[in-house]
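> Have a look at the structure that comes next, please.
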Amino acid sequence: MSETPAGFAHLHHGYAVVFPGQGSQFLGMGLSLARESDIAKRVWAEANDVLGFEISEIAWAGPAAQLDETSISQPAIFTASMAAMMAFRAALVQHGHPFQPRVVAGHSLGEFSALVAAEVLEFPTALRIVQERGRLMKEAGASSPGGMAAVLGLERDQLAQICAEASSVGVIVLANDNCPGQSVISGEVAALEVAMEACKAAGAKRVTRLGISIASHSPLMADASAKLQEMIAKAEIKDPRYPVVANASGALLTSADEVRAELTHHMELPVNWTASVQTMVAEGAKAIIDIGPGQVLAGLVKRIDREVPTLGMTDFGFPAEEKVAAE
């Protein structure tokens with residue numbers, strides 16, 4: 001990284017940093033970066049110590065089925081995101097830039113990455129919370145089975161009406177407003193199936209059942225959310241050094257009290273990523289930097305606001321991620 005990579009030119013005009021959520025995992029995530037960055041490697045080593053097992057080995061070598069278990073994938077994605085963030089911050093200092101984002105945000109699970117980036121939570125504390133979050137979600141999926149489906153081509157109001165009508169069969173809600181025309185619905189299986197058929201009848205371009213038995217960001221997560229809150233209540237939470245954009249509302253979180261209120265129903269409330277990106281832009285983000293495994297959020301941002309450049313780690317001179325083939 002002797003020459004200044006092109007991405008650094010965007011840092012003078014205000015930027016946001018965002019972190020991905022569950023589903024962005026893949027075998028080999030974070031491995032290329034850990035090979036190049038001692039800082040990133042140390043983050044993985046610390047995660048291994050905190051968790052008491054080699055999560056780095058699972059993330060880098062599998063087996064893939066184990067990595068895809070929510071109790072493993074969530075702390076793995078979180079650790080990969082934190083390793084990337086620490087390497088990114090070090091690169092900024094090396095090139096004479098302070099780490100000074102206008103705002104930070106994360107999609108669902110990624111909200112905990114954003115809270116560490118904003119110095120609200122310490123890494124070990126957040127990692128333990130994320131591990132418990134994954135365990136509780138797995139437990140909830142077993143005790144209260146549900147499902148989720150991605151819907152393309154319908155707008156938020158249409159989906160909200162479809163969910164309202166299908167709720168006569170069971171719990172079903174709009175869980176993720178990812179970008180205009182791309183959403184996720186979540187709930188009990190019977191209601192989900194009714195809503196999926198209604199979406200097709202309403203002209204959706206595509207309706208795809210996701211390969212999970214967990215109804216994230218729905219009332220089926222209420223018990224798990226309450227149990228997680230018991231752990232969060234004991235955690236040290238500081239005022240954000242940089243404003244954090246709340247998942248559900250897209251509002252800015254600027255105090256520890258606001259963060260605690262946001263996390264109270266974090267697992268059961270929907271993710272409004274469209275509003276979140278709009279808030280980042282309104283707060284002066286002239287570029288949005290996607291940090292962590294994959295580039296899922298960069299693609300969503302482009303569909304929300306085509307005028308805002310989206311950047312990834314490679315734009316700052318870091319190696320491209322390489323997926324490891326599953327055995």
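Identifiers in this document derive from the order of the structure tokens: chains are assigned A, B, ..., residues are numbered from 1 separately in each chain, and ligands are numbered from 1 in order of occurrence.
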Fewer than 5 positions away in the same chain doesn't count, so skip those; otherwise give me all residues within 7 Å of segment 248-260 of chain A, counting only C-alpha atoms, as a PDB file with N, CA and C atoms, in the first residue's frame.

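Contents of part.pdb, freshly written:
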```
ATOM      1  N   ILE A 237     -22.421   0.361  28.327  1.00  0.00           N
ATOM      2  CA  ILE A 237     -22.759   1.030  27.069  1.00  0.00           C
ATOM      3  C   ILE A 237     -22.423   2.506  27.212  1.00  0.00           C
ATOM      4  N   LYS A 238     -21.611   3.002  26.294  1.00  0.00           N
ATOM      5  CA  LYS A 238     -21.159   4.392  26.336  1.00  0.00           C
ATOM      6  C   LYS A 238     -21.900   5.232  25.293  1.00  0.00           C
ATOM      7  N   ASP A 239     -21.848   6.533  25.461  1.00  0.00           N
ATOM      8  CA  ASP A 239     -22.389   7.420  24.430  1.00  0.00           C
ATOM      9  C   ASP A 239     -21.602   7.219  23.138  1.00  0.00           C
ATOM     10  N   PRO A 240     -22.278   7.174  21.996  1.00  0.00           N
ATOM     11  CA  PRO A 240     -21.566   6.978  20.727  1.00  0.00           C
ATOM     12  C   PRO A 240     -20.594   8.121  20.426  1.00  0.00           C
ATOM     13  N   PRO A 243     -22.418   9.292  15.560  1.00  0.00           N
ATOM     14  CA  PRO A 243     -23.829   8.912  15.548  1.00  0.00           C
ATOM     15  C   PRO A 243     -24.053   7.559  14.872  1.00  0.00           C
ATOM     16  N   LEU A 269     -38.044  -6.096  15.922  1.00  0.00           N
ATOM     17  CA  LEU A 269     -38.486  -4.979  15.082  1.00  0.00           C
ATOM     18  C   LEU A 269     -37.903  -5.099  13.671  1.00  0.00           C
ATOM     19  N   PRO A 270     -38.561  -4.532  12.666  1.00  0.00           N
ATOM     20  CA  PRO A 270     -38.063  -4.621  11.287  1.00  0.00           C
ATOM     21  C   PRO A 270     -36.816  -3.775  11.060  1.00  0.00           C
ATOM     22  N   VAL A 271     -36.126  -4.082   9.977  1.00  0.00           N
ATOM     23  CA  VAL A 271     -34.962  -3.307   9.549  1.00  0.00           C
ATOM     24  C   VAL A 271     -35.383  -2.415   8.386  1.00  0.00           C
ATOM     25  N   ASN A 272     -35.301  -1.119   8.581  1.00  0.00           N
ATOM     26  CA  ASN A 272     -35.636  -0.181   7.517  1.00  0.00           C
ATOM     27  C   ASN A 272     -34.328   0.376   6.949  1.00  0.00           C
ATOM     28  N   ALA A 275     -34.603   3.801   4.876  1.00  0.00           N
ATOM     29  CA  ALA A 275     -34.581   5.009   5.705  1.00  0.00           C
ATOM     30  C   ALA A 275     -33.205   5.243   6.297  1.00  0.00           C
ATOM     31  N   SER A 276     -32.499   4.158   6.632  1.00  0.00           N
ATOM     32  CA  SER A 276     -31.162   4.290   7.217  1.00  0.00           C
ATOM     33  C   SER A 276     -30.205   4.975   6.242  1.00  0.00           C
ATOM     34  N   THR A 279     -30.975   8.624   5.850  1.00  0.00           N
ATOM     35  CA  THR A 279     -30.460   9.396   6.982  1.00  0.00           C
ATOM     36  C   THR A 279     -28.972   9.663   6.825  1.00  0.00           C
TER      37      THR A 279
END
```
> When you look at segment 184-187 of chain A with a cut-off of 8 Å (counting only C-alpha atoms), what residues show up, excluding the ones that are within fewer than 4 positions of it in the same chain? I need them as an NGL selection string.
:A and (146-151 or 163 or 170-178 or 191-192 or 215-220)
> So, counting only C-alpha atoms, which residue among A:Ile55, A:Met231, A:Val296, A:Ala34 is closest to Ala87 of chain A?
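Among the listed residues, the smallest separation from Ala87 of chain A belongs to A:Ala34.
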> Would you please work out which residue, of A:Arg156, A:Arg303, A:Arg133, A:Lys234, is nearest to Glu268 of chain A when using only C-alpha atoms?
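The answer is A:Arg133, which sits nearest to Glu268 of chain A.
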> Select from segment 51-123 of chain A every residue with an atom at most 12 Å from any atom of segment 309-315 of chain A, then for each give the shortest pair of atoms and their distance in Å to one decimal, using only C-alpha atoms, rows by chain and rising number, as CSV.

```
residue,atom,partner,partner_atom,distance
A:Ser81,CA,A:Met313,CA,10.9
A:Ala83,CA,A:Met313,CA,11.5
A:Ala84,CA,A:Met313,CA,7.8
A:Met85,CA,A:Met313,CA,9.3
A:Met86,CA,A:Met313,CA,11.6
A:Ala87,CA,A:Met313,CA,9.4
A:Phe88,CA,A:Met313,CA,7.5
A:Arg89,CA,A:Met313,CA,11.1
A:Ala91,CA,A:Met313,CA,10.4
A:Leu92,CA,A:Met313,CA,11.7
```
> When you draw a straight line from atom CA of Lys323 of chain A to atom CA of Arg135 of chain A, how long is it in Å?
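Separation between atom CA of Lys323 of chain A and atom CA of Arg135 of chain A: 25.5 Å.
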> Please identify which residues in segment 231-266 of chain A DSSP calls strand (DSSP E) from the backbone, and express them as a list in words.
Val244, Val245, Leu252 and Leu253 of chain A
> Can you work out which one of A:Ile291, A:Val207, A:Ala226, A:Leu51 has the shortest atom-to-atom distance to Phe318 of chain A, counting only C-alpha atoms?
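Of the candidates, the smallest distance to Phe318 of chain A is held by A:Ile291.
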> Nearest to Glu188 of chain A among A:Gln100, A:Ser143, A:Ser225, A:Gln158, with distances taken over only C-alpha atoms: which residue is it?
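Once distances to Glu188 of chain A are computed over only C-alpha atoms, the minimum belongs to A:Ser143.
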